[in-house]
Amino acid sequence: MKKARFAVVVLLLAFCATLVPAFAAESFHIGVVTGTVSQGEDVIRGAEYLISQYGNAQKGGIIKHVTYPDNFSSEMETVISQIVGLADDPLMKAIVVVEAVPGTAEAFKRVKAKRPDILCFAGEPQEDPAVISAVADMSINSDTLSMGYIMPLVAKKLGADTFVHISFPRHMSYELLSRRRAIMEQACKDLGLKFVFETAPDPTGDVGVPGAQQFILEQVPAWIQKYGKKTAFFSTNNAHVEPLLKSIAQYGGYYVQTDSPLQGYAGAFGIDLSNEKGDWKAILSKIEKTVVDRGASGRLVTWPYPSGYCIVAGLGEYAKRVIEKKASLGNRSDVVKALSTYSPGVSWNTTVYKDAATQVNMKNFLLVYQDSYVFGKGPMQVDKVKVPEKYLAIK
């Protein structure tokens, strides 16, 4: 009888074990900090995918996701407190911030002072590389500098004769964005393109996203009339992209790079991507069909996989592997492997950031990029282009 009861108990314990999620045994948490969906859908999708893979920390999983306010520039203390607050969790072992907006470096400094065991990772940092590198264990940014040459090159290959760079003072105060503008200007000169700088409202300012987008909608027809239909456009801000794509498709011109097929296309062309959610190849295909049907074939360019999504998910994956001792901290190959997990079929071109003033390589600051994909035309194979050293040395 006792043996029978013992057998029943064993069976019950085995059954209960099947009810516990596989991630419940994990003894650590990873904090993921992103902006909200209004500032960029890609990063949210990256955080969501990490949660789907490794579970929500509040429900026995690994990932604890929080967002910072849309007006992060004027609410920097809130940004800092959101990040630092994650260190109060005794199981927290790594914090990933994408985009690493101003205030992230100070937050990492406070986290390290409070909990030196916590690894800090920054994606798409908006503070000077030297500042963020001093406190982050690893930073990854889209290869802003190489793209300063590659985007004008793509524009030239597509048939443009003018390149219009759109931005505002806040973005131009960032070292990488400022250097990219300087590289673009020189590249345009060398490639035979006219370079123009146009100022647009900052979406984090008084007019907000709606005001900034309305400005673009009103200005594009005038810019096309002024510079011609062979004008290529690029904006440093995601919120500007949707009205740019919509207007360019209607009035002419080119948009030479989004770092995600989600960046502006669904809104600009009224595309419902709910059924394709998470299937990046299907998303690319559906957008391409619409773009071609609207007469914009060969004029709009994107990366096949969203950089924000890949960097959030990739850094989260890399953090997990480092914690589990399946990857080495600072190992460039391990970072690329983690990124590739979320972008099958796409190779990443990676370089170590070199400080323009000191010419010192920052081994914990990586620059990455994919090939450019032209809707209606296909891959441009610019990921294989060797960017001349003279451009990367421009300050």
# chains A, B, ... in the order shown; residues from 1 in each chain; ligands from 1

call {"tool": "select_by_dssp", "arguments": {"residues": "region 96-288 of chain A", "states": "strand (DSSP E or B)", "output": "PyMOL selection string"}}
result
chain A and resi 96-98+119-123+138-142+162-167+194-199+231-235+254-258

call {"tool": "select_by_dssp", "arguments": {"residues": "region 157-304 of chain A", "states": "helix (DSSP H, G or I)", "output": "PyMOL selection string"}}
result
chain A and resi 157-158+169-172+175-191+208-227+238-251+265-269+274-276+280-293

call {"tool": "residues_around", "arguments": {"residues": "Asp206 (chain A)", "least_positions_apart": "5", "cutoff": "12 Å", "atoms": "only C-alpha atoms", "output": "ChimeraX atom specification"}}
result
/A:71,73-74,201,211-212

call {"tool": "write_last_selection", "arguments": {"atoms": "N, CA and C atoms", "output": "short mmCIF file (atom, residue, chain, number, x, y, z; two decimals), in the first residue's frame"}}
result
data_model
loop_
_atom_site.label_atom_id
_atom_site.label_comp_id
_atom_site.auth_asym_id
_atom_site.auth_seq_id
_atom_site.Cartn_x
_atom_site.Cartn_y
_atom_site.Cartn_z
N ASN A 71 9.36 62.09 -24.52
CA ASN A 71 10.11 63.35 -24.40
C ASN A 71 11.33 63.14 -23.52
N SER A 73 14.37 63.84 -23.88
CA SER A 73 15.33 64.95 -23.78
C SER A 73 15.03 65.86 -22.60
N SER A 74 13.74 66.09 -22.37
CA SER A 74 13.36 66.98 -21.26
C SER A 74 13.03 66.22 -19.98
N PRO A 201 11.60 70.26 -37.87
CA PRO A 201 11.35 70.28 -36.43
C PRO A 201 11.75 68.97 -35.75
N GLY A 211 3.38 67.53 -35.40
CA GLY A 211 3.83 68.77 -36.01
C GLY A 211 5.03 68.57 -36.93
N ALA A 212 5.95 67.71 -36.49
CA ALA A 212 7.14 67.43 -37.31
C ALA A 212 6.75 66.72 -38.60
#

call {"tool": "residues_around", "arguments": {"residues": "Ile323 (chain A)", "least_positions_apart": "4", "cutoff": "9 Å", "atoms": "only C-alpha atoms", "output": "JSON, numbers by chain"}}
result
{"A": [28, 93, 94, 119, 318, 319, 327]}

call {"tool": "closest_residue", "arguments": {"among": "A:Lys277, A:Lys189, A:Lys377, A:His65", "to": "Lys289 (chain A)", "atoms": "only C-alpha atoms"}}
result
A:Lys377

call {"tool": "residues_around", "arguments": {"residues": "Tyr342 (chain A)", "least_positions_apart": "5", "cutoff": "10 Å", "atoms": "only C-alpha atoms", "output": "list of chain:residue names"}}
result
A:Gly46, A:Tyr49, A:Tyr305, A:Pro306, A:Tyr309, A:Cys310, A:Ile311, A:Val312, A:Ala313, A:Gly314, A:Glu317, A:Lys337

call {"tool": "residues_around", "arguments": {"residues": "Lys354 (chain A)", "least_positions_apart": "6", "cutoff": "12 Å", "atoms": "only C-alpha atoms", "output": "list in words"}}
result
Pro129, Ala130, Ser133, Asp143, Leu145, Leu176, Val360, Asn361, Met362, Lys363, Asn364, Phe365, Leu366, Leu367, Glu389, Leu392, Ala393, Ile394 and Lys395 of chain A

call {"tool": "atom_distance", "arguments": {"atom1": "CA of Leu262 (chain A)", "atom2": "CA of Ile30 (chain A)"}}
result
25.7 Å

call {"tool": "closest_residue", "arguments": {"among": "A:Ser307, A:Ser333, A:Gln250, A:Gln126", "to": "Val291 (chain A)", "atoms": "only C-alpha atoms"}}
result
A:Gln250
